[in-house]
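Just run.cif here, mmCIF, C-alpha atoms:
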data_my_file
loop_
_atom_site.group_PDB
_atom_site.id
_atom_site.type_symbol
_atom_site.label_atom_id
_atom_site.label_comp_id
_atom_site.auth_asym_id
_atom_site.auth_seq_id
_atom_site.Cartn_x
_atom_site.Cartn_y
_atom_site.Cartn_z
ATOM 1 C CA MET Y 1 0.000 0.000 0.000
ATOM 2 C CA THR Y 2 1.403 3.419 -0.887
ATOM 3 C CA ARG Y 3 1.990 6.017 1.796
ATOM 4 C CA ASN Y 4 -0.821 8.229 0.358
ATOM 5 C CA LYS Y 5 -3.379 5.375 0.323
ATOM 6 C CA MET Y 6 -2.374 4.412 3.866
ATOM 7 C CA SER Y 7 -2.834 8.031 5.032
ATOM 8 C CA ASN Y 8 -6.252 8.247 3.374
ATOM 9 C CA SER Y 9 -7.266 4.919 4.918
ATOM 10 C CA LEU Y 10 -6.173 6.029 8.401
ATOM 11 C CA LEU Y 11 -7.919 9.367 7.919
ATOM 12 C CA GLY Y 12 -11.140 7.567 6.967
ATOM 13 C CA ILE Y 13 -10.959 5.372 10.062
ATOM 14 C CA LEU Y 14 -10.280 8.404 12.257
ATOM 15 C CA VAL Y 15 -13.222 10.382 10.807
ATOM 16 C CA ALA Y 16 -15.562 7.397 11.186
ATOM 17 C CA GLY Y 17 -14.477 6.977 14.800
ATOM 18 C CA LEU Y 18 -15.020 10.660 15.546
ATOM 19 C CA LEU Y 19 -18.466 10.629 13.963
ATOM 20 C CA ALA Y 20 -19.459 7.543 15.932
ATOM 21 C CA GLY Y 21 -18.232 9.179 19.137
ATOM 22 C CA CYS Y 22 -20.192 12.367 18.439
ATOM 23 C CA ALA Y 23 -23.307 10.384 17.647
ATOM 24 C CA SER Y 24 -23.128 8.544 20.948
ATOM 25 C CA MET Y 25 -22.586 11.810 22.849
ATOM 26 C CA ASP Y 26 -25.694 13.338 21.284
ATOM 27 C CA SER Y 27 -27.922 10.306 21.725
ATOM 28 C CA ALA Y 28 -30.789 11.195 23.956
ATOM 29 C CA GLY Y 29 -32.671 8.909 26.261
ATOM 30 C CA PRO Y 30 -36.247 9.208 27.475
ATOM 31 C CA GLY Y 31 -37.883 12.612 27.455
ATOM 32 C CA ALA Y 32 -40.686 14.583 29.035
ATOM 33 C CA THR Y 33 -42.379 17.944 28.497
ATOM 34 C CA ALA Y 34 -44.359 20.424 30.547
ATOM 35 C CA GLN Y 35 -46.617 23.255 29.362
ATOM 36 C CA LEU Y 36 -46.662 25.955 32.045
ATOM 37 C CA GLN Y 37 -50.051 27.611 32.493
ATOM 38 C CA PRO Y 38 -50.678 30.701 34.622
ATOM 39 C CA THR Y 39 -52.180 30.346 38.058
ATOM 40 C CA ARG Y 40 -55.189 32.519 38.893
ATOM 41 C CA GLY Y 41 -54.438 36.238 38.329
ATOM 42 C CA ASN Y 42 -51.077 35.652 36.644
ATOM 43 C CA SER Y 43 -49.835 35.576 33.051
ATOM 44 C CA VAL Y 44 -46.756 33.318 33.169
ATOM 45 C CA THR Y 45 -46.601 30.619 30.474
ATOM 46 C CA GLY Y 46 -43.870 28.470 29.016
ATOM 47 C CA ASN Y 47 -42.549 25.245 27.594
ATOM 48 C CA VAL Y 48 -40.089 22.955 29.338
ATOM 49 C CA SER Y 49 -38.385 19.768 28.162
ATOM 50 C CA PHE Y 50 -36.558 17.130 30.178
ATOM 51 C CA THR Y 51 -34.184 14.751 28.378
ATOM 52 C CA GLN Y 52 -32.264 11.906 29.996
ATOM 53 C CA ARG Y 53 -28.599 11.899 28.938
ATOM 54 C CA GLY Y 54 -26.791 9.132 30.770
ATOM 55 C CA ASP Y 55 -27.081 9.764 34.519
ATOM 56 C CA LYS Y 56 -28.119 13.411 34.061
ATOM 57 C CA VAL Y 57 -31.260 15.178 32.858
ATOM 58 C CA VAL Y 58 -31.036 18.195 30.564
ATOM 59 C CA VAL Y 59 -33.781 20.722 31.306
ATOM 60 C CA ILE Y 60 -34.553 23.358 28.669
ATOM 61 C CA ALA Y 61 -37.110 26.016 29.542
ATOM 62 C CA SER Y 62 -38.583 29.039 27.782
ATOM 63 C CA VAL Y 63 -40.883 31.111 29.994
ATOM 64 C CA SER Y 64 -42.692 34.415 29.427
ATOM 65 C CA GLY Y 65 -44.889 36.764 31.465
ATOM 66 C CA LEU Y 66 -42.386 37.071 34.321
ATOM 67 C CA LYS Y 67 -41.598 40.244 36.237
ATOM 68 C CA PRO Y 68 -38.932 41.980 34.107
ATOM 69 C CA ASN Y 69 -35.325 41.873 35.292
ATOM 70 C CA GLN Y 70 -36.139 39.611 38.239
ATOM 71 C CA GLU Y 71 -35.241 36.069 39.224
ATOM 72 C CA HIS Y 72 -37.970 33.514 39.902
ATOM 73 C CA GLY Y 73 -37.808 30.210 41.756
ATOM 74 C CA PHE Y 74 -38.317 27.172 39.528
ATOM 75 C CA HIS Y 75 -38.993 23.748 41.046
ATOM 76 C CA VAL Y 76 -40.296 20.264 40.397
ATOM 77 C CA HIS Y 77 -43.083 19.625 42.918
ATOM 78 C CA GLU Y 78 -44.380 16.389 44.406
ATOM 79 C CA LYS Y 79 -47.792 16.184 42.732
ATOM 80 C CA GLY Y 80 -48.743 16.633 39.107
ATOM 81 C CA ASP Y 81 -51.878 18.532 40.070
ATOM 82 C CA CYS Y 82 -52.591 22.112 39.006
ATOM 83 C CA SER Y 83 -56.314 22.006 39.786
ATOM 84 C CA SER Y 84 -56.345 24.411 42.751
ATOM 85 C CA GLY Y 85 -55.927 27.588 40.694
ATOM 86 C CA ASP Y 86 -53.079 28.840 42.907
ATOM 87 C CA GLY Y 87 -50.653 25.952 42.267
ATOM 88 C CA MET Y 88 -50.844 24.723 45.864
ATOM 89 C CA SER Y 89 -52.332 21.393 44.757
ATOM 90 C CA ALA Y 90 -48.862 20.523 43.396
ATOM 91 C CA ALA Y 91 -47.790 20.178 47.073
ATOM 92 C CA GLY Y 92 -44.168 20.687 48.193
ATOM 93 C CA HIS Y 93 -40.886 20.241 46.383
ATOM 94 C CA PHE Y 94 -40.205 16.817 44.920
ATOM 95 C CA ASN Y 95 -37.965 15.247 47.576
ATOM 96 C CA PRO Y 96 -37.911 11.421 47.406
ATOM 97 C CA LYS Y 97 -34.715 11.141 49.491
ATOM 98 C CA GLY Y 98 -35.861 13.384 52.348
ATOM 99 C CA ASN Y 99 -32.999 15.882 51.941
ATOM 100 C CA PRO Y 100 -33.004 19.537 53.029
ATOM 101 C CA HIS Y 101 -33.659 22.230 50.424
ATOM 102 C CA GLY Y 102 -30.507 23.503 48.752
ATOM 103 C CA HIS Y 103 -28.737 24.906 45.718
ATOM 104 C CA HIS Y 104 -29.155 22.881 42.526
ATOM 105 C CA SER Y 105 -25.392 22.291 42.319
ATOM 106 C CA THR Y 106 -25.011 20.694 45.752
ATOM 107 C CA PRO Y 107 -25.173 16.921 46.118
ATOM 108 C CA VAL Y 108 -27.599 16.974 49.083
ATOM 109 C CA ARG Y 109 -30.831 18.753 48.130
ATOM 110 C CA HIS Y 110 -34.411 18.206 47.064
ATOM 111 C CA ALA Y 111 -34.646 16.425 43.735
ATOM 112 C CA GLY Y 112 -36.918 19.296 42.646
ATOM 113 C CA ASP Y 113 -34.389 22.078 43.313
ATOM 114 C CA MET Y 114 -33.501 23.750 40.005
ATOM 115 C CA PRO Y 115 -31.816 27.011 38.950
ATOM 116 C CA ASN Y 116 -33.763 30.262 39.234
ATOM 117 C CA LEU Y 117 -35.229 31.677 36.046
ATOM 118 C CA LYS Y 118 -33.712 35.075 35.187
ATOM 119 C CA ALA Y 119 -36.166 37.298 33.329
ATOM 120 C CA ASP Y 120 -34.943 39.845 30.821
ATOM 121 C CA ALA Y 121 -36.317 43.388 30.431
ATOM 122 C CA LYS Y 122 -39.364 41.982 28.588
ATOM 123 C CA GLY Y 123 -40.162 39.340 31.225
ATOM 124 C CA ASN Y 124 -38.825 36.384 29.226
ATOM 125 C CA ALA Y 125 -36.443 33.752 30.554
ATOM 126 C CA ALA Y 126 -34.657 30.804 28.987
ATOM 127 C CA ILE Y 127 -32.435 28.267 30.690
ATOM 128 C CA THR Y 128 -30.628 25.075 29.913
ATOM 129 C CA ALA Y 129 -29.546 23.145 32.983
ATOM 130 C CA GLU Y 130 -28.053 19.718 33.556
ATOM 131 C CA LEU Y 131 -29.309 18.063 36.747
ATOM 132 C CA ASP Y 132 -28.119 14.889 38.433
ATOM 133 C CA VAL Y 133 -30.717 14.056 41.116
ATOM 134 C CA ILE Y 134 -33.754 13.498 38.870
ATOM 135 C CA THR Y 135 -34.489 11.046 36.076
ATOM 136 C CA VAL Y 136 -36.957 10.798 33.223
ATOM 137 C CA SER Y 137 -36.863 6.995 33.415
ATOM 138 C CA GLU Y 138 -39.194 5.085 35.736
ATOM 139 C CA GLY Y 139 -38.123 4.987 39.354
ATOM 140 C CA PRO Y 140 -38.249 6.904 42.634
ATOM 141 C CA THR Y 141 -36.512 10.017 41.260
ATOM 142 C CA SER Y 142 -38.522 10.233 38.018
ATOM 143 C CA VAL Y 143 -40.146 13.581 37.230
ATOM 144 C CA ILE Y 144 -42.871 11.976 35.091
ATOM 145 C CA GLY Y 145 -46.278 12.896 36.525
ATOM 146 C CA ARG Y 146 -44.807 15.519 38.899
ATOM 147 C CA GLY Y 147 -45.717 19.192 39.067
ATOM 148 C CA LEU Y 148 -43.577 22.059 37.792
ATOM 149 C CA ILE Y 149 -43.899 25.486 39.406
ATOM 150 C CA VAL Y 150 -42.606 28.989 38.642
ATOM 151 C CA HIS Y 151 -42.531 31.167 41.765
ATOM 152 C CA ALA Y 152 -42.903 34.945 42.240
ATOM 153 C CA ASN Y 153 -39.572 35.404 44.055
ATOM 154 C CA PRO Y 154 -36.085 34.019 43.603
ATOM 155 C CA ASP Y 155 -35.123 30.886 45.512
ATOM 156 C CA ASP Y 156 -32.568 31.896 48.159
ATOM 157 C CA TYR Y 157 -31.324 28.264 48.195
ATOM 158 C CA LYS Y 158 -31.104 28.201 51.994
ATOM 159 C CA SER Y 159 -34.470 28.910 53.680
ATOM 160 C CA GLN Y 160 -36.196 25.675 54.663
ATOM 161 C CA PRO Y 161 -38.135 24.000 53.350
ATOM 162 C CA VAL Y 162 -38.637 25.856 50.031
ATOM 163 C CA GLY Y 163 -36.153 28.716 49.620
ATOM 164 C CA ASN Y 164 -38.575 31.573 50.362
ATOM 165 C CA ALA Y 165 -39.647 31.635 46.694
ATOM 166 C CA GLY Y 166 -43.146 32.917 47.334
ATOM 167 C CA ALA Y 167 -46.393 32.602 45.408
ATOM 168 C CA ARG Y 168 -46.851 30.188 42.529
ATOM 169 C CA LEU Y 169 -47.193 32.035 39.198
ATOM 170 C CA ALA Y 170 -47.478 29.054 36.846
ATOM 171 C CA CYS Y 171 -48.041 25.326 37.098
ATOM 172 C CA ALA Y 172 -47.602 22.331 34.783
ATOM 173 C CA VAL Y 173 -47.737 18.564 34.895
ATOM 174 C CA ILE Y 174 -44.589 16.878 33.547
ATOM 175 C CA GLN Y 175 -45.604 14.298 30.948
ATOM 176 C CA LYS Y 176 -43.640 11.613 29.155
ATOM 177 C CA SER Y 177 -42.935 12.579 25.549
#

Take the structure I supplied and represent it as structure tokens, if you would.
Amino acid sequence: MTRNKMSNSLLGILVAGLLAGCASMDSAGPGATAQLQPTRGNSVTGNVSFTQRGDKVVVIASVSGLKPNQEHGFHVHEKGDCSSGDGMSAAGHFNPKGNPHGHHSTPVRHAGDMPNLKADAKGNAAITAELDVITVSEGPTSVIGRGLIVHANPDDYKSQPVGNAGARLACAVIQKS
């Protein structure tokens, strides 16, 4: 085999290997979605997706109708029930391991603790977060059938049991996609 043919052959193998590696990195597991609807007297709406990627879940949210230039608490709640009109029927934060409330980056926290939404000057917020305490697959930490709440105030990540995030502006039920 000539040196040029050998180089082209090795290059082809390398490219194929890189493409296969990229494909496996992008492969997504089970997914879920939530359509945020405003609670009584509010106007917050949005779309949220949850995608299992290995042992983490990628959460992508787009929310509108928020108070401009303010942060808002954003949590998975225990019950997938938005029937009360004020979001209280969703119960407390999703917490299957009985941990204290905490920052979404700490290992010991509620499974439902997520990053605050940060509204822009027009009241719109978008986030992409990777979380490691929840799953989209069946099991005790699955978010399927749970509630999703946007709060009026930012989560302070320390006040127990819910971070002093205030009233519930929007509610959704997380559904398998």

request  = Skip Y:His110 itself and residues of its chain fewer than 5 positions away, then list as JSON, numbers by chain all residues within 6 Å of it, counting only C-alpha atoms.
outcome  = {"Y": [95, 99, 101]}

key: Residue members of the PyMOL selection byres ((chain Y and resi 81) around 7) in the file shown, as a ChimeraX atom specification   = /Y:79-80,82-83,89-90,147,173

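Straight-line separation from atom CA of Y:Gly29 to atom CA of Y:Val48: 16.2 Å.
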
message = Show me, as JSON, numbers by chain, the residues that have an atom within 10 Å of Y:Ala125 when counting all atoms listed in the file, minus same-chain residues fewer than 6 positions from it.
response = {"Y": [46, 61, 62, 63, 64, 65, 66, 68, 69, 70, 71, 72, 116, 117, 118, 119]}

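Summary of the local environment: counting all atoms listed in the file, residues at most 8 Å from Y:Thr33, other than itself and those fewer than 5 positions away along its chain, are Asn47, Val48, Ser49, Phe50, Ile174, Gln175, Lys176 and Ser177 of chain Y.
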
request  = Pick out the closest residue to Y:Ser142 from this set: Y:Phe94, Y:Gly41, Y:Pro100, Y:Val59. Count all atoms listed in the file.
outcome  =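 Closest to Y:Ser142, using all atoms listed in the file: Y:Phe94.
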
request  = Between Y:Ala167, Y:Val143, Y:Val133, Y:Ala121, single out the one closest to Y:Pro38, counting all atoms listed in the file.
outcome  = Y:Ala167
